[in-house]
>>> print(open('target11.txt').read())   # compact mmCIF, C-alpha atoms
# COMPACT_ATOMS: atom_id res chain seq x y z
CA MET A 1 199.49 73.96 156.76
CA GLN A 2 197.55 71.19 155.02
CA ASN A 3 195.71 70.34 158.24
CA ARG A 4 194.77 74.01 158.71
CA SER A 5 193.53 74.20 155.11
CA LEU A 6 191.53 71.01 155.53
CA ARG A 7 189.99 72.32 158.75
CA ALA A 8 189.09 75.57 156.98
CA ILE A 9 187.43 73.69 154.11
CA LEU A 10 185.49 71.49 156.52
CA ALA A 11 184.39 74.51 158.57
CA THR A 12 183.19 76.30 155.44
CA ALA A 13 181.27 73.22 154.28
CA LEU A 14 179.69 72.79 157.71
CA GLY A 15 178.68 76.46 157.72
CA LEU A 16 177.03 76.08 154.34
CA LEU A 17 175.16 72.97 155.50
CA LEU A 18 173.94 74.72 158.65
CA SER A 19 172.83 77.81 156.75
CA SER A 20 171.00 75.63 154.21
CA ALA A 21 169.26 73.74 156.99
CA THR A 22 168.26 77.03 158.63
CA ALA A 23 166.89 78.33 155.35
CA LEU A 24 164.90 75.14 154.84
CA GLY A 25 163.48 75.38 158.33
CA GLU A 26 162.45 79.00 157.87
CA GLY A 27 160.92 78.25 154.49
CA SER A 28 158.74 75.43 155.81
CA ASN A 29 156.27 77.81 157.46
CA TYR A 30 153.75 78.46 154.69
CA SER A 31 151.11 80.31 156.70
CA VAL A 32 150.19 83.85 155.66
CA GLY A 33 147.79 84.79 158.45
CA PRO A 34 144.63 83.54 160.20
CA GLN A 35 142.47 86.00 158.24
CA TYR A 36 143.15 83.74 155.24
CA ASP A 37 141.86 80.63 157.01
CA THR A 38 138.46 80.57 155.33
CA THR A 39 135.81 78.17 156.54
CA HIS A 40 133.99 76.67 153.53
CA VAL A 41 130.23 76.96 153.94
CA TYR A 42 127.91 75.19 151.51
CA VAL A 43 124.29 76.37 151.64
CA PRO A 44 121.29 75.85 149.35
CA ALA A 45 121.22 78.49 146.62
CA GLU A 46 117.85 79.78 147.82
CA SER A 47 119.29 80.41 151.31
CA PHE A 48 122.51 82.04 150.12
CA ASP A 49 121.68 85.71 150.67
CA ARG A 50 119.83 85.13 153.94
CA PHE A 51 122.75 83.15 155.34
CA VAL A 52 125.38 85.75 154.42
CA ALA A 53 123.28 88.59 155.81
CA SER A 54 122.66 86.68 159.05
CA PHE A 55 126.33 85.79 159.52
CA VAL A 56 127.54 89.36 158.99
CA ALA A 57 124.79 90.75 161.24
CA THR A 58 126.09 88.45 164.00
CA PHE A 59 129.85 88.99 163.67
CA GLY A 60 130.17 92.29 161.80
CA GLY A 61 132.61 92.91 158.96
CA LYS A 62 131.93 93.09 155.26
CA THR A 63 131.38 90.96 152.17
CA THR A 64 132.99 90.78 148.77
CA PRO A 65 130.79 91.07 145.65
CA LYS A 66 128.78 87.93 144.98
CA GLY A 67 129.47 86.17 141.69
CA THR A 68 128.81 82.95 139.82
CA PHE A 69 131.86 80.89 138.95
CA THR A 70 133.28 77.50 138.05
CA LEU A 71 135.44 76.73 141.09
CA THR A 72 135.96 73.00 140.60
CA PRO A 73 138.18 71.20 138.08
CA THR A 74 135.10 69.69 136.42
CA ALA A 75 132.04 71.47 135.02
CA SER A 76 129.91 73.15 137.69
CA LYS A 77 128.46 76.52 138.64
CA THR A 78 128.21 78.06 142.07
CA MET A 79 127.44 81.38 143.60
CA SER A 80 130.37 82.42 145.75
CA GLN A 81 131.09 85.22 148.20
CA LEU A 82 133.42 85.96 151.09
CA ALA A 83 132.28 87.29 154.44
CA ILE A 84 135.27 88.90 156.18
CA THR A 85 134.57 89.48 159.86
CA PRO A 86 136.61 90.34 162.98
CA SER A 87 136.01 86.76 164.16
CA GLY A 88 137.09 84.98 160.98
CA THR A 89 136.53 84.68 157.24
CA ILE A 90 134.12 82.34 155.45
CA SER A 91 133.85 81.31 151.80
CA VAL A 92 130.19 80.74 150.97
CA PHE A 93 129.08 78.46 148.12
CA GLY A 94 125.58 78.07 146.76
CA PHE A 95 125.78 75.57 143.92
CA LEU A 96 123.47 75.98 140.95
CA THR A 97 124.50 72.58 139.58
CA PRO A 98 125.10 69.27 141.36
CA ILE A 99 128.23 69.49 143.53
CA PRO A 100 131.08 67.44 142.01
CA PHE A 101 132.59 64.81 144.31
CA PRO A 102 134.38 65.21 146.70
CA PHE A 103 133.69 68.92 147.10
CA GLY A 104 131.68 69.85 150.14
CA VAL A 105 133.69 67.71 152.56
CA GLU A 106 136.63 70.11 152.81
CA HIS A 107 136.19 72.25 155.91
CA TYR A 108 138.69 75.04 155.39
CA GLY A 109 140.82 76.82 152.84
CA TYR A 110 144.36 77.78 153.89
CA LEU A 111 146.27 80.37 151.89
CA VAL A 112 149.89 79.24 151.55
CA ALA A 113 152.98 81.23 150.73
CA ASN A 114 154.40 78.65 148.32
CA PHE A 115 151.81 76.40 146.73
CA ASP A 116 153.94 73.56 145.32
CA SER A 117 156.29 73.41 148.30
CA ALA A 118 153.38 73.40 150.74
CA ILE A 119 151.87 70.38 148.98
CA ALA A 120 155.19 68.54 149.05
CA THR A 121 155.67 69.33 152.73
CA ALA A 122 152.12 68.27 153.63
CA ARG A 123 152.69 64.98 151.83
CA SER A 124 155.97 64.39 153.61
CA ASP A 125 154.19 65.08 156.91
CA GLY A 126 151.57 62.42 156.27
CA ALA A 127 148.79 64.16 154.35
CA SER A 128 147.50 62.90 151.01
CA VAL A 129 146.16 64.68 147.93
CA THR A 130 142.50 63.88 147.27
CA VAL A 131 141.94 66.43 144.46
CA ALA A 132 145.07 67.11 142.39
CA PRO A 133 146.11 70.75 141.87
CA TYR A 134 143.88 72.71 139.51
CA ASN A 135 143.32 76.29 138.41
CA ASP A 136 140.37 78.45 139.40
CA PRO A 137 139.52 81.98 138.20
CA VAL A 138 141.87 83.63 140.72
CA GLY A 139 144.64 81.11 141.38
CA ARG A 140 145.41 77.49 142.17
CA ASP A 141 143.88 74.96 144.56
CA VAL A 142 144.42 71.46 145.90
CA ILE A 143 142.35 69.37 148.33
CA MET A 144 144.28 67.38 150.92
CA GLN A 145 143.39 64.99 153.72
CA TRP A 146 145.26 64.53 157.00
CA PRO A 147 145.39 61.39 159.13
CA GLY A 148 142.13 61.15 161.04
CA GLY A 149 140.08 62.54 158.18
CA LEU A 150 140.51 66.33 158.24
CA THR A 151 140.10 67.54 154.66
CA LEU A 152 141.02 71.06 153.64
CA GLN A 153 141.98 73.16 150.65
CA LEU A 154 145.36 74.77 150.17
CA TYR A 155 145.21 77.71 147.80
CA GLN A 156 147.28 80.46 146.26
CA HIS A 157 145.96 83.54 144.43
CA THR A 158 147.56 84.94 141.29
CA THR A 159 147.22 88.41 142.85
CA PRO A 160 147.87 88.10 146.60
CA PRO A 161 144.72 88.94 148.59
CA ASN A 162 144.68 91.63 151.26
CA TYR A 163 142.18 90.97 154.04
CA PRO A 164 142.18 92.93 157.30
CA ALA A 165 143.67 91.16 160.32
CA VAL A 166 141.15 89.33 162.48
CA ARG A 167 140.39 90.63 165.94
CA TYR A 168 139.82 87.09 167.21
CA VAL A 169 141.64 84.12 165.68
CA PRO A 170 139.07 81.54 164.50
CA GLU A 171 139.10 78.08 166.04
CA ASP A 172 139.06 75.16 163.62
CA ARG A 173 137.25 72.35 165.45
CA VAL A 174 138.50 68.94 164.36
CA TYR A 175 136.81 65.78 165.66
CA VAL A 176 138.98 62.65 165.54
CA SER A 177 138.96 59.20 167.10
CA PRO A 178 141.48 58.01 169.72
CA ASP A 179 142.90 55.65 167.07
CA SER A 180 144.02 58.48 164.79
CA ALA A 181 144.44 61.41 167.18
CA ASP A 182 148.18 61.24 167.77
CA ALA A 183 148.93 60.65 164.09
CA PHE A 184 146.83 63.66 163.15
CA ILE A 185 148.41 65.88 165.79
CA ARG A 186 151.97 64.96 164.76
CA SER A 187 151.19 65.45 161.08
CA PHE A 188 149.35 68.75 161.43
CA VAL A 189 151.82 70.31 163.88
CA ALA A 190 154.70 69.41 161.57
CA PHE A 191 153.01 70.88 158.49
CA SER A 192 151.68 74.03 160.16
CA GLN A 193 154.89 74.67 162.12
CA GLY A 194 152.57 75.11 165.06
CA ARG A 195 152.79 74.18 168.70
CA ILE A 196 150.67 72.20 171.12
CA ALA A 197 149.32 74.85 173.50
CA SER A 198 147.55 72.32 175.72
CA ASP A 199 146.75 68.62 175.92
CA VAL A 200 144.01 67.93 178.45
CA ALA A 201 143.24 64.26 179.02
CA SER A 202 140.19 64.96 181.20
CA ALA A 203 138.39 67.90 179.61
CA PRO A 204 134.81 68.51 180.84
CA GLY A 205 132.31 66.50 178.81
CA ILE A 206 129.80 69.36 178.85
CA GLU A 207 131.88 70.78 175.99
CA ILE A 208 130.69 67.92 173.76
CA GLY A 209 127.18 67.57 175.15
CA ARG A 210 128.05 64.85 177.69
CA PRO A 211 128.22 66.71 181.02
CA SER A 212 128.76 63.66 183.24
CA GLU A 213 131.83 62.48 181.30
CA ILE A 214 135.32 63.57 180.23
CA TYR A 215 137.20 63.57 176.93
CA ARG A 216 140.65 64.47 175.58
CA ARG A 217 141.13 67.96 174.11
CA VAL A 218 144.28 69.22 172.37
CA GLU A 219 144.84 72.86 171.38
CA ILE A 220 147.20 73.66 168.50
CA GLU A 221 148.33 77.19 167.66
CA SER A 222 149.89 78.15 164.33
CA GLY A 223 150.02 80.96 161.81
CA PHE A 224 147.03 79.45 159.98
CA ALA A 225 144.53 79.38 162.85
CA ASN A 226 143.90 77.86 166.23
CA VAL A 227 142.86 74.20 166.06
CA ARG A 228 140.87 72.48 168.80
CA VAL A 229 141.30 68.72 168.41
CA ILE A 230 138.29 66.99 169.97
CA ILE A 231 139.05 63.32 170.59
CA THR A 232 135.95 61.21 171.24
CA ASP A 233 134.39 57.79 170.79
CA GLY A 234 131.95 59.29 168.28
CA HIS A 235 128.93 59.04 170.60
CA LEU A 236 128.00 62.68 170.11
CA PRO A 237 124.59 64.26 170.66
CA TYR A 238 123.43 66.70 167.99
CA PRO A 239 124.77 69.23 167.03
CA TYR A 240 128.27 68.34 168.30
CA GLY A 241 130.54 67.37 165.43
CA ARG A 242 128.44 69.34 162.93
CA GLU A 243 130.18 72.59 163.78
CA VAL A 244 133.59 72.94 162.13
CA THR A 245 134.56 76.40 163.37
CA GLY A 246 134.35 78.25 166.66
CA TYR A 247 134.08 82.04 166.58
CA ALA A 248 135.28 84.20 169.47
CA VAL A 249 133.31 87.34 170.32
CA GLY A 250 133.56 90.01 172.97
CA ASN A 251 130.14 89.18 174.44
CA VAL A 252 128.37 85.88 173.77
CA ALA A 253 124.94 87.06 174.93
CA ALA A 254 125.08 90.10 172.64
CA ALA A 255 126.21 87.95 169.69
CA LEU A 256 123.34 85.51 170.28
CA ARG A 257 120.82 88.37 170.35
CA LYS A 258 122.16 89.60 167.00
CA ALA A 259 122.11 86.08 165.56
CA MET A 260 118.51 85.43 166.59
CA SER A 261 117.41 88.82 165.28
CA ALA A 262 118.99 87.85 161.94
CA GLY A 263 117.18 84.51 161.68
CA ALA A 264 119.57 82.12 163.46
CA THR A 265 118.48 79.52 166.01
CA VAL A 266 120.27 78.78 169.28
CA LEU A 267 120.91 75.02 169.44
CA VAL A 268 122.96 74.92 172.65
CA GLN A 269 122.27 77.48 175.34
CA PRO A 270 125.33 79.29 176.74
CA PHE A 271 127.37 77.37 179.31
CA THR A 272 130.67 78.02 181.06
CA SER A 273 133.59 75.58 180.89
CA SER A 274 137.37 75.83 180.91
CA GLY A 275 137.26 79.56 181.44
CA ARG A 276 134.98 80.51 178.57
CA ILE A 277 131.30 80.84 177.75
CA SER A 278 130.19 78.78 174.75
CA SER A 279 127.04 78.29 172.69
CA MET A 280 125.96 76.77 169.37
CA VAL A 281 123.78 78.38 166.71
CA GLN A 282 122.35 77.37 163.36
CA PHE A 283 122.16 80.01 160.66
CA PRO A 284 119.68 80.16 157.78
CA GLY A 285 120.70 77.51 155.27
CA GLY A 286 121.75 75.03 157.96
CA TYR A 287 125.29 76.16 158.87
CA VAL A 288 126.11 75.30 162.50
CA ALA A 289 128.70 77.38 164.36
CA GLU A 290 130.13 77.46 167.85
CA ILE A 291 130.38 80.90 169.46
CA HIS A 292 132.52 81.54 172.52
CA SER A 293 133.81 84.39 174.61
CA ALA A 294 137.18 85.79 173.64
CA PRO A 295 140.18 85.04 175.85
>>> encode(input="target11.txt", output="structure tokens")
Amino acid sequence: MQNRSLRAILATALGLLLSSATALGEGSNYSVGPQYDTTHVYVPAESFDRFVASFVATFGGKTTPKGTFTLTPTASKTMSQLAITPSGTISVFGFLTPIPFPFGVEHYGYLVANFDSAIATARSDGASVTVAPYNDPVGRDVIMQWPGGLTLQLYQHTTPPNYPAVRYVPEDRVYVSPDSADAFIRSFVAFSQGRIASDVASAPGIEIGRPSEIYRRVEIESGFANVRVIITDGHLPYPYGREVTGYAVGNVAAALRKAMSAGATVLVQPFTSSGRISSMVQFPGGYVAEIHSAP
């Protein structure tokens, strides 16, 4: 009888441990949706309206009302506006004061389901806090850096936002060196609860402006966004490395015609590689973007 009771107690305890572990595993996915992966775009204040108009003319969608806010933990003023398109969302900043350090180096903002827990998890997965948590007019923010140098904002709104789902998941383009690539990939996959969709050791160099060579390319998929990890020796011809986001469209040629009609300049003419057509454009204000055909 005592042995049966002991076995029952142990079984109950083991069940509780397993259920707790399952709950922890489920709770570690903090992504809300790729429409809340917002690329941060800093443009000169005088180019703000032209840039936003050009971007929306190229990709479609809509904008939120433009306003002037203090969005950093120290004194500053910036115009700010969202452009929400079928190919991805951008947060546009046109500072009216000097930009406080280190703002401007973060590439993306990721909405997270649990702000404090997401920070703790990111830290445990190898990321570090570069700007401690602070309040902004609509919620809370933190700036974090991953091994290899990727810097991004995690944020949470006081009133949860409601953006329409994207038609095409944006592609965050992260350039890292061979020295830090594996550390970054391990860290980011663990935090994002994503998966490595492909790891190509000999990707065509035309994709980084070096058509006679090869490079390593890793694709990560998660609930935040798709991430293309571009692993190079840093010998990159302009504009490669300046683009931080790739935008998928139904027809690249049509998107380029719209972009040029709206004041953008084609920097890299369309080429075909790895099953997709790609190009690079520069919008008014200097923002460089990659545009590619949808899968």
>>> residues_around(input="target11.txt", residues="Ala165 (chain A)", least_positions_apart="2", cutoff="8 Å", atoms="all atoms listed in the file", output="number ranges by chain")
A: 33-35, 86, 163, 167
>>> closest_atom_pairs(input="target11.txt", of="region 41-70 of chain A", to="region 267-282 of chain A", cutoff="12 Å", atoms="only C-alpha atoms", output="tab-separated table")
residue	atom	partner	partner_atom	distance
A:Val43	CA	A:Gln282	CA	11.9
A:Phe51	CA	A:Gln282	CA	9.9
A:Ser54	CA	A:Gln282	CA	10.3
A:Phe55	CA	A:Gln282	CA	10.1
A:Thr58	CA	A:Val281	CA	10.7
>>> closest_residue(input="target11.txt", among="A:Val112, A:Ala255, A:Val32, A:Val166", to="Ile84 (chain A)", atoms="only C-alpha atoms")
A:Val166
>>> closest_atom_pairs(input="target11.txt", of="region 207-287 of chain A", to="region 60-64 of chain A", cutoff="12 Å", atoms="only C-alpha atoms", output="Markdown table")
| residue | atom | partner | partner_atom | distance |
| --- | --- | --- | --- | --- |
| A:Tyr247 | CA | A:Gly60 | CA | 12.0 |
| A:Val249 | CA | A:Gly60 | CA | 10.3 |
| A:Gly250 | CA | A:Gly60 | CA | 11.9 |
| A:Ala255 | CA | A:Gly60 | CA | 9.8 |
| A:Lys258 | CA | A:Gly60 | CA | 9.9 |
| A:Ala259 | CA | A:Gly60 | CA | 10.8 |
>>> atom_distance(input="target11.txt", atom1="CA of Tyr42 (chain A)", atom2="CA of Gly67 (chain A)")
14.8 Å
>>> residues_around(input="target11.txt", residues="Thr159 (chain A)", least_positions_apart="5", cutoff="12 Å", atoms="all atoms listed in the file", output="MDAnalysis selection string")
chainID A and resid 137:140
>>> residues_around(input="target11.txt", residues="Pro44 (chain A)", least_positions_apart="5", cutoff="8 Å", atoms="all atoms listed in the file", output="PDB file with C-alpha atoms, in the frame of the given file")
ATOM      1  CA  GLY A  94     125.580  78.070 146.760  1.00  0.00           C
ATOM      2  CA  PHE A  95     125.780  75.570 143.920  1.00  0.00           C
ATOM      3  CA  GLY A 285     120.700  77.510 155.270  1.00  0.00           C
TER       4      GLY A 285
END
>>> closest_residue(input="target11.txt", among="A:Leu236, A:Ala113, A:Val288, A:Val229", to="Ala181 (chain A)", atoms="only C-alpha atoms")
A:Val229
>>> atom_distance(input="target11.txt", atom1="CA of Arg123 (chain A)", atom2="CA of Thr232 (chain A)")
25.9 Å
>>> closest_residue(input="target11.txt", among="A:Gly104, A:His292, A:Thr97, A:Thr70", to="Asp136 (chain A)", atoms="only C-alpha atoms")
A:Thr70
>>> closest_residue(input="target11.txt", among="A:Leu96, A:Ala294, A:Ile90, A:Leu152", to="Phe69 (chain A)", atoms="all atoms listed in the file")
A:Leu96
>>> closest_residue(input="target11.txt", among="A:Gln81, A:Thr245, A:Asn29, A:Thr130", to="Phe103 (chain A)", atoms="only C-alpha atoms")
A:Thr130
>>> atom_distance(input="target11.txt", atom1="CA of Gly205 (chain A)", atom2="CA of Ala190 (chain A)")
28.4 Å
>>> closest_residue(input="target11.txt", among="A:Pro170, A:Pro73, A:Pro178, A:Gly88", to="Pro133 (chain A)", atoms="only C-alpha atoms")
A:Pro73
>>> residues_around(input="target11.txt", residues="Val52 (chain A)", least_positions_apart="4", cutoff="8 Å", atoms="all atoms listed in the file", output="list of chain:residue names")
A:Phe48, A:Val56, A:Ala83, A:Val92
>>> build_atoms(input="target11.txt", residues="region 73-108 of chain A", atoms="N, CA and C atoms", output="JSON list (two decimals), in the frame of the given file")
[["chain", "number", "residue", "atom", "x", "y", "z"],
["A", 73, "PRO", "N", 137.47, 71.57, 139.31],
["A", 73, "PRO", "CA", 138.18, 71.20, 138.08],
["A", 73, "PRO", "C", 137.28, 70.59, 137.01],
["A", 74, "THR", "N", 136.06, 70.21, 137.38],
["A", 74, "THR", "CA", 135.10, 69.69, 136.42],
["A", 74, "THR", "C", 133.95, 70.70, 136.30],
["A", 75, "ALA", "N", 133.09, 70.49, 135.30],
["A", 75, "ALA", "CA", 132.04, 71.47, 135.02],
["A", 75, "ALA", "C", 131.07, 71.61, 136.19],
["A", 76, "SER", "N", 130.87, 72.85, 136.63],
["A", 76, "SER", "CA", 129.91, 73.15, 137.69],
["A", 76, "SER", "C", 129.73, 74.66, 137.74],
["A", 77, "LYS", "N", 128.69, 75.10, 138.43],
["A", 77, "LYS", "CA", 128.46, 76.52, 138.64],
["A", 77, "LYS", "C", 128.01, 76.73, 140.07],
["A", 78, "THR", "N", 128.61, 77.73, 140.71],
["A", 78, "THR", "CA", 128.21, 78.06, 142.07],
["A", 78, "THR", "C", 128.24, 79.56, 142.28],
["A", 79, "MET", "N", 127.30, 80.04, 143.06],
["A", 79, "MET", "CA", 127.44, 81.38, 143.60],
["A", 79, "MET", "C", 128.52, 81.33, 144.67],
["A", 80, "SER", "N", 129.28, 82.41, 144.77],
["A", 80, "SER", "CA", 130.37, 82.42, 145.75],
["A", 80, "SER", "C", 130.56, 83.84, 146.27],
["A", 81, "GLN", "N", 130.90, 83.93, 147.55],
["A", 81, "GLN", "CA", 131.09, 85.22, 148.20],
["A", 81, "GLN", "C", 131.89, 85.01, 149.48],
["A", 82, "LEU", "N", 132.72, 85.97, 149.82],
["A", 82, "LEU", "CA", 133.42, 85.96, 151.09],
["A", 82, "LEU", "C", 132.71, 86.86, 152.08],
["A", 83, "ALA", "N", 132.67, 86.42, 153.33],
["A", 83, "ALA", "CA", 132.28, 87.29, 154.44],
["A", 83, "ALA", "C", 133.51, 87.42, 155.33],
["A", 84, "ILE", "N", 134.03, 88.64, 155.45],
["A", 84, "ILE", "CA", 135.27, 88.90, 156.18],
["A", 84, "ILE", "C", 134.89, 89.62, 157.46],
["A", 85, "THR", "N", 135.03, 88.93, 158.59],
["A", 85, "THR", "CA", 134.57, 89.48, 159.86],
["A", 85, "THR", "C", 135.72, 89.54, 160.86],
["A", 86, "PRO", "N", 135.56, 90.31, 161.94],
["A", 86, "PRO", "CA", 136.61, 90.34, 162.98],
["A", 86, "PRO", "C", 136.84, 89.00, 163.65],
["A", 87, "SER", "N", 135.89, 88.06, 163.52],
["A", 87, "SER", "CA", 136.01, 86.76, 164.16],
["A", 87, "SER", "C", 136.45, 85.66, 163.21],
["A", 88, "GLY", "N", 136.67, 85.99, 161.94],
["A", 88, "GLY", "CA", 137.09, 84.98, 160.98],
["A", 88, "GLY", "C", 136.43, 85.18, 159.63],
["A", 89, "THR", "N", 136.99, 84.55, 158.62],
["A", 89, "THR", "CA", 136.53, 84.68, 157.24],
["A", 89, "THR", "C", 135.86, 83.38, 156.80],
["A", 90, "ILE", "N", 134.78, 83.52, 156.03],
["A", 90, "ILE", "CA", 134.12, 82.34, 155.45],
["A", 90, "ILE", "C", 134.02, 82.50, 153.94],
["A", 91, "SER", "N", 134.13, 81.38, 153.23],
["A", 91, "SER", "CA", 133.85, 81.31, 151.80],
["A", 91, "SER", "C", 132.52, 80.58, 151.64],
["A", 92, "VAL", "N", 131.54, 81.28, 151.07],
["A", 92, "VAL", "CA", 130.19, 80.74, 150.97],
["A", 92, "VAL", "C", 129.95, 80.26, 149.54],
["A", 93, "PHE", "N", 129.37, 79.05, 149.42],
["A", 93, "PHE", "CA", 129.08, 78.46, 148.12],
["A", 93, "PHE", "C", 127.61, 78.06, 148.07],
["A", 94, "GLY", "N", 126.95, 78.48, 147.01],
["A", 94, "GLY", "CA", 125.58, 78.07, 146.76],
["A", 94, "GLY", "C", 125.51, 77.50, 145.36],
["A", 95, "PHE", "N", 125.65, 76.19, 145.24],
["A", 95, "PHE", "CA", 125.78, 75.57, 143.92],
["A", 95, "PHE", "C", 124.46, 75.62, 143.15],
["A", 96, "LEU", "N", 124.60, 75.96, 141.87],
["A", 96, "LEU", "CA", 123.47, 75.98, 140.95],
["A", 96, "LEU", "C", 123.40, 74.71, 140.12],
["A", 97, "THR", "N", 124.44, 73.89, 140.23],
["A", 97, "THR", "CA", 124.50, 72.58, 139.58],
["A", 97, "THR", "C", 124.79, 71.56, 140.66],
["A", 98, "PRO", "N", 124.67, 70.26, 140.38],
["A", 98, "PRO", "CA", 125.10, 69.27, 141.36],
["A", 98, "PRO", "C", 126.56, 69.49, 141.75],
["A", 99, "ILE", "N", 126.88, 69.25, 143.02],
["A", 99, "ILE", "CA", 128.23, 69.49, 143.53],
["A", 99, "ILE", "C", 129.11, 68.32, 143.15],
["A", 100, "PRO", "N", 130.20, 68.55, 142.39],
["A", 100, "PRO", "CA", 131.08, 67.44, 142.01],
["A", 100, "PRO", "C", 131.76, 66.83, 143.24],
["A", 101, "PHE", "N", 131.87, 65.52, 143.25],
["A", 101, "PHE", "CA", 132.59, 64.81, 144.31],
["A", 101, "PHE", "C", 134.08, 65.10, 144.19],
["A", 102, "PRO", "N", 134.82, 65.30, 145.32],
["A", 102, "PRO", "CA", 134.38, 65.21, 146.70],
["A", 102, "PRO", "C", 134.14, 66.57, 147.34],
["A", 103, "PHE", "N", 133.86, 67.59, 146.54],
["A", 103, "PHE", "CA", 133.69, 68.92, 147.10],
["A", 103, "PHE", "C", 132.50, 68.97, 148.05],
["A", 104, "GLY", "N", 132.67, 69.76, 149.09],
["A", 104, "GLY", "CA", 131.68, 69.85, 150.14],
["A", 104, "GLY", "C", 132.14, 69.20, 151.43],
["A", 105, "VAL", "N", 133.17, 68.34, 151.34],
["A", 105, "VAL", "CA", 133.69, 67.71, 152.56],
["A", 105, "VAL", "C", 134.89, 68.47, 153.11],
["A", 106, "GLU", "N", 135.49, 69.35, 152.31],
["A", 106, "GLU", "CA", 136.63, 70.11, 152.81],
["A", 106, "GLU", "C", 136.11, 71.21, 153.74],
["A", 107, "HIS", "N", 136.70, 71.33, 154.90],
["A", 107, "HIS", "CA", 136.19, 72.25, 155.91],
["A", 107, "HIS", "C", 136.77, 73.65, 155.79],
["A", 108, "TYR", "N", 138.02, 73.75, 155.37],
["A", 108, "TYR", "CA", 138.69, 75.04, 155.39],
["A", 108, "TYR", "C", 139.52, 75.23, 154.13]]
